[in-house]
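Below is one structure, written out as structure tokens; the observations come after it.
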Amino acid sequence: SAIISGSSLPPRSRAVRMDSYSARANTIFCTFVTVLGTCATLNHLTTWLPQFATTPTGIVELNKVHDLTINNYLKMDQCTMSFDLTHNFSSEFHWNTNQLFVYIVATYNDTSNVRNEVIVWDRIVRSKEEAVLASRELMIEYPLRDQFRELRGKEVRLHVRYRTHPITGIMFSKEICSTQFKVPEEYFREQGKKR
């Protein structure tokens with residue numbers, strides 16, 4: 001009598017199915033992703049070494065409040081201002097830095113809104129050269145507005161913040177400096193400014 005093996009497939013057929021092109025491609029892809037992820041993680045961890053410690057500096061001061069008016073279209077208080085800004089973010093640039101997003105946030109309290117945070121100016125820094133700035137009388141890019149018309153007489157703080165955009169790794173938001181000023185008590189418009 002013939003001896004019947006435990007499988008109906010010949011040994012050569014089983015070997016072909018276990019080592020097919022799709023199985024090989026899957027092995028190569030999984031190995032590639034594992035190595036890539038491991039290298040990216042290790043590369044990101046090197047940015048925490050002492051030689052990559054950052055020492056950013058910055059100073060911001062209000063230059064002038066140019067107007068405080070009612071935006072008739074939006075039915076809101078609206079304020080425009082200029083400021084003096086100095087910053088140096090060059091220590092943030094190393095092999096893993098893609099760019100920095102620098103922005104100024106105006107914050108104030110004691111209104112109908114529980115939290116008031118408005119971005120009034122921003123810029124993208126892509127190199128060590130651009131990371132050093134010393135400018136006076138910079139105008140805000142986005143007016144400070146309050147939907148409940150409660151901006152008059154408020155204490156406003158300007159915060160200079162930035163977000164790191166690494167090539168690989170986690171993005172971090174940091175604050176470098178701030179200043180405080182008081183919005184005028186009454187509406188006004190700077191002479192010579194168009195309506």
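Residue names in the structure tokens use chain letters A, B, ... in the order shown, residue numbers from 1 in each chain, and ligand numbers from 1 in the order shown.
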
Members of region 2-195 of chain A assigned strand (DSSP E) by DSSP, as a PyMOL selection string
chain A and resi 57-71+76-88+97-108+116-125+132-139+144-146+155-166+173-182+188-189

Name the residues in contact with region 27-41 of chain A at a cut-off of 7 Å, using only C-alpha atoms, excluding same-chain residues fewer than 4 positions from it; report them as a PyMOL selection string.
chain A and resi 23+45+168

Just list as JSON, numbers by chain whatever in chain A DSSP marks as alpha helix (DSSP H).
{"A": [11, 12, 13, 14, 15, 16, 17, 18, 21, 22, 23, 24, 25, 26, 27, 28, 29, 30, 31, 32, 33, 34, 35, 36, 37, 38, 39, 40, 41, 42, 43, 44, 45, 46]}

Residues at most 10 Å from Ile59 (chain A), counting only C-alpha atoms, excluding those fewer than 2 positions away in the same chain, as a PyMOL selection string?
chain A and resi 57+61+84-88+134+159-160+176-179

Export of the given selection (N, CA and C atoms) as a PDB file, in the first residue's frame:
```pdb
ATOM      1  N   THR A  57      17.200  84.871  22.234  1.00  0.00           N
ATOM      2  CA  THR A  57      16.984  86.127  22.954  1.00  0.00           C
ATOM      3  C   THR A  57      16.009  86.991  22.159  1.00  0.00           C
ATOM      4  N   GLU A  61       8.837  95.904  22.275  1.00  0.00           N
ATOM      5  CA  GLU A  61       8.300  97.091  22.938  1.00  0.00           C
ATOM      6  C   GLU A  61       7.261  97.737  22.026  1.00  0.00           C
ATOM      7  N   ASP A  84       8.527  97.740  18.265  1.00  0.00           N
ATOM      8  CA  ASP A  84       9.948  97.528  18.018  1.00  0.00           C
ATOM      9  C   ASP A  84      10.278  96.108  18.428  1.00  0.00           C
ATOM     10  N   LEU A  85      10.993  95.381  17.570  1.00  0.00           N
ATOM     11  CA  LEU A  85      11.289  93.975  17.837  1.00  0.00           C
ATOM     12  C   LEU A  85      12.747  93.656  17.534  1.00  0.00           C
ATOM     13  N   THR A  86      13.386  93.000  18.489  1.00  0.00           N
ATOM     14  CA  THR A  86      14.735  92.477  18.309  1.00  0.00           C
ATOM     15  C   THR A  86      14.724  91.022  18.742  1.00  0.00           C
ATOM     16  N   HIS A  87      15.241  90.141  17.897  1.00  0.00           N
ATOM     17  CA  HIS A  87      15.343  88.737  18.314  1.00  0.00           C
ATOM     18  C   HIS A  87      16.527  88.060  17.640  1.00  0.00           C
ATOM     19  N   ASN A  88      16.999  87.012  18.292  1.00  0.00           N
ATOM     20  CA  ASN A  88      18.094  86.198  17.758  1.00  0.00           C
ATOM     21  C   ASN A  88      17.778  84.736  18.038  1.00  0.00           C
ATOM     22  N   ALA A 134      16.472  93.074  13.970  1.00  0.00           N
ATOM     23  CA  ALA A 134      16.433  94.276  14.815  1.00  0.00           C
ATOM     24  C   ALA A 134      15.689  95.338  14.020  1.00  0.00           C
ATOM     25  N   HIS A 159       3.042  89.047  23.265  1.00  0.00           N
ATOM     26  CA  HIS A 159       3.946  87.917  23.501  1.00  0.00           C
ATOM     27  C   HIS A 159       4.634  87.546  22.193  1.00  0.00           C
ATOM     28  N   VAL A 160       5.954  87.444  22.217  1.00  0.00           N
ATOM     29  CA  VAL A 160       6.690  86.953  21.051  1.00  0.00           C
ATOM     30  C   VAL A 160       6.889  85.455  21.247  1.00  0.00           C
ATOM     31  N   ILE A 176       9.501  83.851  23.953  1.00  0.00           N
ATOM     32  CA  ILE A 176      10.814  84.442  24.170  1.00  0.00           C
ATOM     33  C   ILE A 176      10.758  85.727  24.982  1.00  0.00           C
ATOM     34  N   CYS A 177       9.708  86.535  24.825  1.00  0.00           N
ATOM     35  CA  CYS A 177       9.604  87.793  25.581  1.00  0.00           C
ATOM     36  C   CYS A 177       8.194  88.351  25.451  1.00  0.00           C
ATOM     37  N   SER A 178       7.906  89.400  26.222  1.00  0.00           N
ATOM     38  CA  SER A 178       6.582  90.030  26.172  1.00  0.00           C
ATOM     39  C   SER A 178       6.674  91.463  26.693  1.00  0.00           C
ATOM     40  N   THR A 179       5.666  92.232  26.415  1.00  0.00           N
ATOM     41  CA  THR A 179       5.554  93.595  26.928  1.00  0.00           C
ATOM     42  C   THR A 179       4.088  93.922  27.117  1.00  0.00           C
TER      43      THR A 179
END
```

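With CA of Ile124 (chain A) on one side and CA of Leu144 (chain A) on the other, the separation reads 20.7 Å.
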
Just the number, please: distance in Å from CA of Arg123 (chain A) to CA of Gln191 (chain A), one decimal.
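Going from CA of Arg123 (chain A) over to CA of Gln191 (chain A) covers 29.0 Å.
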